[in-house]
Amino acid sequence: GCGKTTLMRIIAGLEQASDGQVVLEGEVITAPDRKKGVVFQSYSSFPWLTVLENAEFGLKFRNDVAKNDKREIARHYLDLVGLLDFEKFYVNQISGGMRQRLAIARTLCAGPDVLLMDEPFGALDAQNREFLQVQLLEIRKKERKTVVFVTHDPEEAIFLGERIFVFSARPACIIEEITVADYLSEERTLETKSSRAFFELRNHLLAVTRAQARRSEDLLLSKSPKGMDDAS
């Protein structure tokens with residue numbers, strides 16, 4: 001409840017900031033456009049379309065791509081996320097993790113400069129989450145996209161991030177900025193999660209977020225009616 005999703009929506013141009021500005025390539029963001037692609041936590045796909053047709057939908061409004069090239073671009077991104085063999089399947093025939101990969105492929109098809117991801121792996125099981133984390137690192141390397149990733153999982157933030165911004169409890173502000181390269185190499189593998197440096201940074205982040213959680217709980221208790229405090 002500290003405003004992570006709200007900030008993401010402001011960056012996407014879906015919400016207007018009451019104060020301050022978000023600037024992309026020298027221009028203040030005031031509305032959605034194709035420079036910014038959003039992947040939400042929910043599996044946003046069209047059940048009446050096949051996997052390939054869902055990916056092609058990301059190209060629907062691209063005038064910089066010839067019509068004959070759109071299918072090949074869609075297939076390229078399905079291949080990138082490991083779904084090319086499922087292009088003729090409907091979304092009710094594939095798993096949740098595959099649907100989220102499809103959402104990433106469709107967003108990449110739109111050709112954004114910035115990929116905005118709002119807890120996209122939060123609803124997945126541990127195995128799928130870990131698989132998609134590794135895949136996202138590969139996609140970022142190959143596509144050279146700027147990624148803004150919202151998560152409440154310290155391990156996920158460390159494994160995926162180059163810079164981590166930690167929010168305070170409400171009213172939110174940035175209380176810490178961490179450059180992950182100060183602790184870990186840029187090349188990340190699953191073995192990175194077992195390193196001493198990873199655990200040290202994880203424990204530091206957990207300590208910071210736990211302190212904010214206690215602060216938020218104390219604030220709620222201080223505002224509660226006395227009767228409610230007694231009942232609890």
# chains A, B, ... in the order shown; residues from 1 in each chain; ligands from 1
>>> residues_around(residues="Arg188 in chain A", least_positions_apart="3", cutoff="9 Å", atoms="only C-alpha atoms", output="JSON, numbers by chain")
{"A": [134, 137, 159, 160, 184, 185, 191, 192, 193]}
>>> residues_around(residues="Leu24 in chain A", least_positions_apart="4", cutoff="9 Å", atoms="only C-alpha atoms", output="list in words")
Ile11, Val28, Ile29 and Lys35 of chain A
>>> write_last_selection(atoms="C-alpha atoms", output="short mmCIF file (atom, residue, chain, number, x, y, z; two decimals), in the first residue's frame")
data_model
loop_
_atom_site.label_atom_id
_atom_site.label_comp_id
_atom_site.auth_asym_id
_atom_site.auth_seq_id
_atom_site.Cartn_x
_atom_site.Cartn_y
_atom_site.Cartn_z
CA ILE A 11 5.31 6.23 -15.50
CA VAL A 28 7.29 14.82 -19.77
CA ILE A 29 4.99 11.79 -19.68
CA LYS A 35 7.33 3.90 -25.93
#
>>> residues_around(residues="Ala17 in chain A", least_positions_apart="3", cutoff="12 Å", atoms="only C-alpha atoms", output="list in words")
Gly3, Thr6, Leu7, Met8, Arg9, Ile10, Ile11, Ala12, Gly13, Leu14, Gly20, Gln21, Val22, Val23, Val28, Ile29, Thr30 and Ala31 of chain A
>>> select_by_dssp(residues="range 34-231 of chain A", states="strand (DSSP E or B)", output="list of chain:residue names")
A:Lys36, A:Gly37, A:Val38, A:Val39, A:Thr50, A:Tyr90, A:Val114, A:Leu115, A:Leu116, A:Met117, A:Asp118, A:Thr146, A:Val147, A:Val148, A:Phe149, A:Val150, A:Arg163, A:Ile164, A:Phe165, A:Val166, A:Phe167, A:Ile174, A:Ile175, A:Glu176, A:Glu177, A:Ile178, A:Thr179
>>> write_last_selection(atoms="N, CA and C atoms", output="PDB file, in the first residue's frame")
ATOM      1  N   LYS A  36       6.169   2.946 -24.013  1.00  0.00           N
ATOM      2  CA  LYS A  36       6.085   2.295 -22.706  1.00  0.00           C
ATOM      3  C   LYS A  36       5.144   1.098 -22.807  1.00  0.00           C
ATOM      4  N   GLY A  37       5.662  -0.078 -22.477  1.00  0.00           N
ATOM      5  CA  GLY A  37       4.839  -1.286 -22.480  1.00  0.00           C
ATOM      6  C   GLY A  37       4.676  -1.801 -21.070  1.00  0.00           C
ATOM      7  N   VAL A  38       3.469  -2.248 -20.723  1.00  0.00           N
ATOM      8  CA  VAL A  38       3.164  -2.661 -19.352  1.00  0.00           C
ATOM      9  C   VAL A  38       2.801  -4.142 -19.312  1.00  0.00           C
ATOM     10  N   VAL A  39       3.410  -4.858 -18.371  1.00  0.00           N
ATOM     11  CA  VAL A  39       3.034  -6.247 -18.083  1.00  0.00           C
ATOM     12  C   VAL A  39       2.487  -6.277 -16.661  1.00  0.00           C
ATOM     13  N   THR A  50      -5.584 -17.379 -30.592  1.00  0.00           N
ATOM     14  CA  THR A  50      -4.503 -18.325 -30.350  1.00  0.00           C
ATOM     15  C   THR A  50      -3.308 -17.596 -29.726  1.00  0.00           C
ATOM     16  N   TYR A  90      -4.827 -22.277 -27.890  1.00  0.00           N
ATOM     17  CA  TYR A  90      -5.584 -21.194 -27.264  1.00  0.00           C
ATOM     18  C   TYR A  90      -5.108 -21.041 -25.824  1.00  0.00           C
ATOM     19  N   VAL A 114      10.691   1.192 -22.957  1.00  0.00           N
ATOM     20  CA  VAL A 114      10.694   0.885 -21.523  1.00  0.00           C
ATOM     21  C   VAL A 114       9.654  -0.191 -21.252  1.00  0.00           C
ATOM     22  N   LEU A 115      10.065  -1.236 -20.554  1.00  0.00           N
ATOM     23  CA  LEU A 115       9.166  -2.310 -20.173  1.00  0.00           C
ATOM     24  C   LEU A 115       8.820  -2.136 -18.699  1.00  0.00           C
ATOM     25  N   LEU A 116       7.538  -1.912 -18.410  1.00  0.00           N
ATOM     26  CA  LEU A 116       7.063  -1.702 -17.041  1.00  0.00           C
ATOM     27  C   LEU A 116       6.389  -2.988 -16.569  1.00  0.00           C
ATOM     28  N   MET A 117       6.881  -3.536 -15.461  1.00  0.00           N
ATOM     29  CA  MET A 117       6.386  -4.828 -14.994  1.00  0.00           C
ATOM     30  C   MET A 117       5.931  -4.707 -13.539  1.00  0.00           C
ATOM     31  N   ASP A 118       4.635  -4.895 -13.326  1.00  0.00           N
ATOM     32  CA  ASP A 118       4.043  -4.703 -12.004  1.00  0.00           C
ATOM     33  C   ASP A 118       3.791  -6.056 -11.345  1.00  0.00           C
ATOM     34  N   THR A 146      15.108  -0.975 -21.224  1.00  0.00           N
ATOM     35  CA  THR A 146      15.036  -0.504 -19.846  1.00  0.00           C
ATOM     36  C   THR A 146      13.817  -1.158 -19.197  1.00  0.00           C
ATOM     37  N   VAL A 147      14.024  -1.770 -18.035  1.00  0.00           N
ATOM     38  CA  VAL A 147      12.926  -2.453 -17.340  1.00  0.00           C
ATOM     39  C   VAL A 147      12.726  -1.801 -15.978  1.00  0.00           C
ATOM     40  N   VAL A 148      11.497  -1.406 -15.683  1.00  0.00           N
ATOM     41  CA  VAL A 148      11.111  -0.951 -14.342  1.00  0.00           C
ATOM     42  C   VAL A 148      10.242  -2.048 -13.754  1.00  0.00           C
ATOM     43  N   PHE A 149      10.711  -2.647 -12.670  1.00  0.00           N
ATOM     44  CA  PHE A 149      10.098  -3.865 -12.135  1.00  0.00           C
ATOM     45  C   PHE A 149       9.645  -3.624 -10.704  1.00  0.00           C
ATOM     46  N   VAL A 150       8.353  -3.775 -10.460  1.00  0.00           N
ATOM     47  CA  VAL A 150       7.804  -3.630  -9.110  1.00  0.00           C
ATOM     48  C   VAL A 150       7.715  -5.003  -8.450  1.00  0.00           C
ATOM     49  N   ARG A 163      19.517  -1.389 -10.091  1.00  0.00           N
ATOM     50  CA  ARG A 163      19.315  -0.398  -9.026  1.00  0.00           C
ATOM     51  C   ARG A 163      18.016  -0.731  -8.316  1.00  0.00           C
ATOM     52  N   ILE A 164      18.055  -0.731  -7.001  1.00  0.00           N
ATOM     53  CA  ILE A 164      16.866  -1.010  -6.191  1.00  0.00           C
ATOM     54  C   ILE A 164      16.487   0.252  -5.434  1.00  0.00           C
ATOM     55  N   PHE A 165      15.231   0.638  -5.554  1.00  0.00           N
ATOM     56  CA  PHE A 165      14.698   1.767  -4.797  1.00  0.00           C
ATOM     57  C   PHE A 165      13.722   1.221  -3.759  1.00  0.00           C
ATOM     58  N   VAL A 166      14.017   1.459  -2.499  1.00  0.00           N
ATOM     59  CA  VAL A 166      13.189   0.941  -1.409  1.00  0.00           C
ATOM     60  C   VAL A 166      12.245   2.044  -0.948  1.00  0.00           C
ATOM     61  N   PHE A 167      10.939   1.731  -0.936  1.00  0.00           N
ATOM     62  CA  PHE A 167       9.930   2.690  -0.493  1.00  0.00           C
ATOM     63  C   PHE A 167       9.704   2.558   1.010  1.00  0.00           C
ATOM     64  N   ILE A 174      11.258   7.462  -1.064  1.00  0.00           N
ATOM     65  CA  ILE A 174      12.374   6.545  -1.295  1.00  0.00           C
ATOM     66  C   ILE A 174      13.349   6.695  -0.127  1.00  0.00           C
ATOM     67  N   ILE A 175      13.542   5.608   0.609  1.00  0.00           N
ATOM     68  CA  ILE A 175      14.403   5.689   1.792  1.00  0.00           C
ATOM     69  C   ILE A 175      15.798   5.125   1.520  1.00  0.00           C
ATOM     70  N   GLU A 176      15.938   4.387   0.407  1.00  0.00           N
ATOM     71  CA  GLU A 176      17.255   3.859   0.112  1.00  0.00           C
ATOM     72  C   GLU A 176      17.346   3.519  -1.370  1.00  0.00           C
ATOM     73  N   GLU A 177      18.504   3.812  -1.948  1.00  0.00           N
ATOM     74  CA  GLU A 177      18.806   3.388  -3.316  1.00  0.00           C
ATOM     75  C   GLU A 177      20.057   2.522  -3.262  1.00  0.00           C
ATOM     76  N   ILE A 178      19.964   1.341  -3.861  1.00  0.00           N
ATOM     77  CA  ILE A 178      21.065   0.376  -3.807  1.00  0.00           C
ATOM     78  C   ILE A 178      21.515   0.059  -5.232  1.00  0.00           C
ATOM     79  N   THR A 179      22.812   0.181  -5.473  1.00  0.00           N
ATOM     80  CA  THR A 179      23.405  -0.254  -6.738  1.00  0.00           C
ATOM     81  C   THR A 179      23.872  -1.692  -6.549  1.00  0.00           C
TER      82      THR A 179
END
>>> select_by_dssp(residues="range 111-205 of chain A", states="helix (DSSP H, G or I)", output="PyMOL selection string")
chain A and resi 126-143+154-160+180-182+190-194+196-205
>>> residues_around(residues="Arg62 in chain A", least_positions_apart="4", cutoff="10 Å", atoms="only C-alpha atoms", output="list in words")
Arg34, Phe57, Gly58, Ala66, Lys67, Lys70, Cys109, Ala110 and Gly111 of chain A
>>> write_last_selection(atoms="N, CA and C atoms", output="PDB file, in the first residue's frame")
ATOM      1  N   ARG A  34       3.365   4.212 -27.233  1.00  0.00           N
ATOM      2  CA  ARG A  34       4.024   2.962 -27.575  1.00  0.00           C
ATOM      3  C   ARG A  34       5.438   2.853 -27.037  1.00  0.00           C
ATOM      4  N   PHE A  57      -1.369  -9.216 -31.615  1.00  0.00           N
ATOM      5  CA  PHE A  57      -2.162  -8.062 -31.191  1.00  0.00           C
ATOM      6  C   PHE A  57      -1.258  -6.913 -30.739  1.00  0.00           C
ATOM      7  N   GLY A  58      -0.074  -7.251 -30.196  1.00  0.00           N
ATOM      8  CA  GLY A  58       0.870  -6.215 -29.784  1.00  0.00           C
ATOM      9  C   GLY A  58       1.385  -5.376 -30.940  1.00  0.00           C
ATOM     10  N   ALA A  66       5.859  -3.351 -41.717  1.00  0.00           N
ATOM     11  CA  ALA A  66       5.027  -3.793 -42.831  1.00  0.00           C
ATOM     12  C   ALA A  66       4.111  -4.931 -42.387  1.00  0.00           C
ATOM     13  N   LYS A  67       2.912  -4.950 -42.938  1.00  0.00           N
ATOM     14  CA  LYS A  67       1.917  -5.951 -42.548  1.00  0.00           C
ATOM     15  C   LYS A  67       2.449  -7.364 -42.727  1.00  0.00           C
ATOM     16  N   LYS A  70       4.696  -8.627 -39.750  1.00  0.00           N
ATOM     17  CA  LYS A  70       4.183  -8.682 -38.380  1.00  0.00           C
ATOM     18  C   LYS A  70       4.159 -10.106 -37.822  1.00  0.00           C
ATOM     19  N   CYS A 109       6.351  -7.163 -28.643  1.00  0.00           N
ATOM     20  CA  CYS A 109       5.947  -6.976 -30.040  1.00  0.00           C
ATOM     21  C   CYS A 109       5.574  -5.516 -30.328  1.00  0.00           C
ATOM     22  N   ALA A 110       5.078  -4.835 -29.321  1.00  0.00           N
ATOM     23  CA  ALA A 110       4.688  -3.434 -29.513  1.00  0.00           C
ATOM     24  C   ALA A 110       5.892  -2.506 -29.655  1.00  0.00           C
ATOM     25  N   GLY A 111       7.090  -3.015 -29.393  1.00  0.00           N
ATOM     26  CA  GLY A 111       8.312  -2.244 -29.584  1.00  0.00           C
ATOM     27  C   GLY A 111       8.541  -1.128 -28.597  1.00  0.00           C
TER      28      GLY A 111
END
>>> atom_distance(atom1="CA of Thr5 in chain A", atom2="CA of Asp182 in chain A")
27.1 Å
>>> closest_residue(among="A:Asn128, A:Gln16, A:Asn68, A:Gln41", to="Thr151 in chain A", atoms="only C-alpha atoms")
A:Gln41
>>> closest_residue(among="A:Val91, A:Leu102, A:Leu136, A:Val180", to="Leu49 in chain A", atoms="only C-alpha atoms")
A:Val91
>>> atom_distance(atom1="CA of Leu201 in chain A", atom2="CA of Ile139 in chain A")
24.5 Å
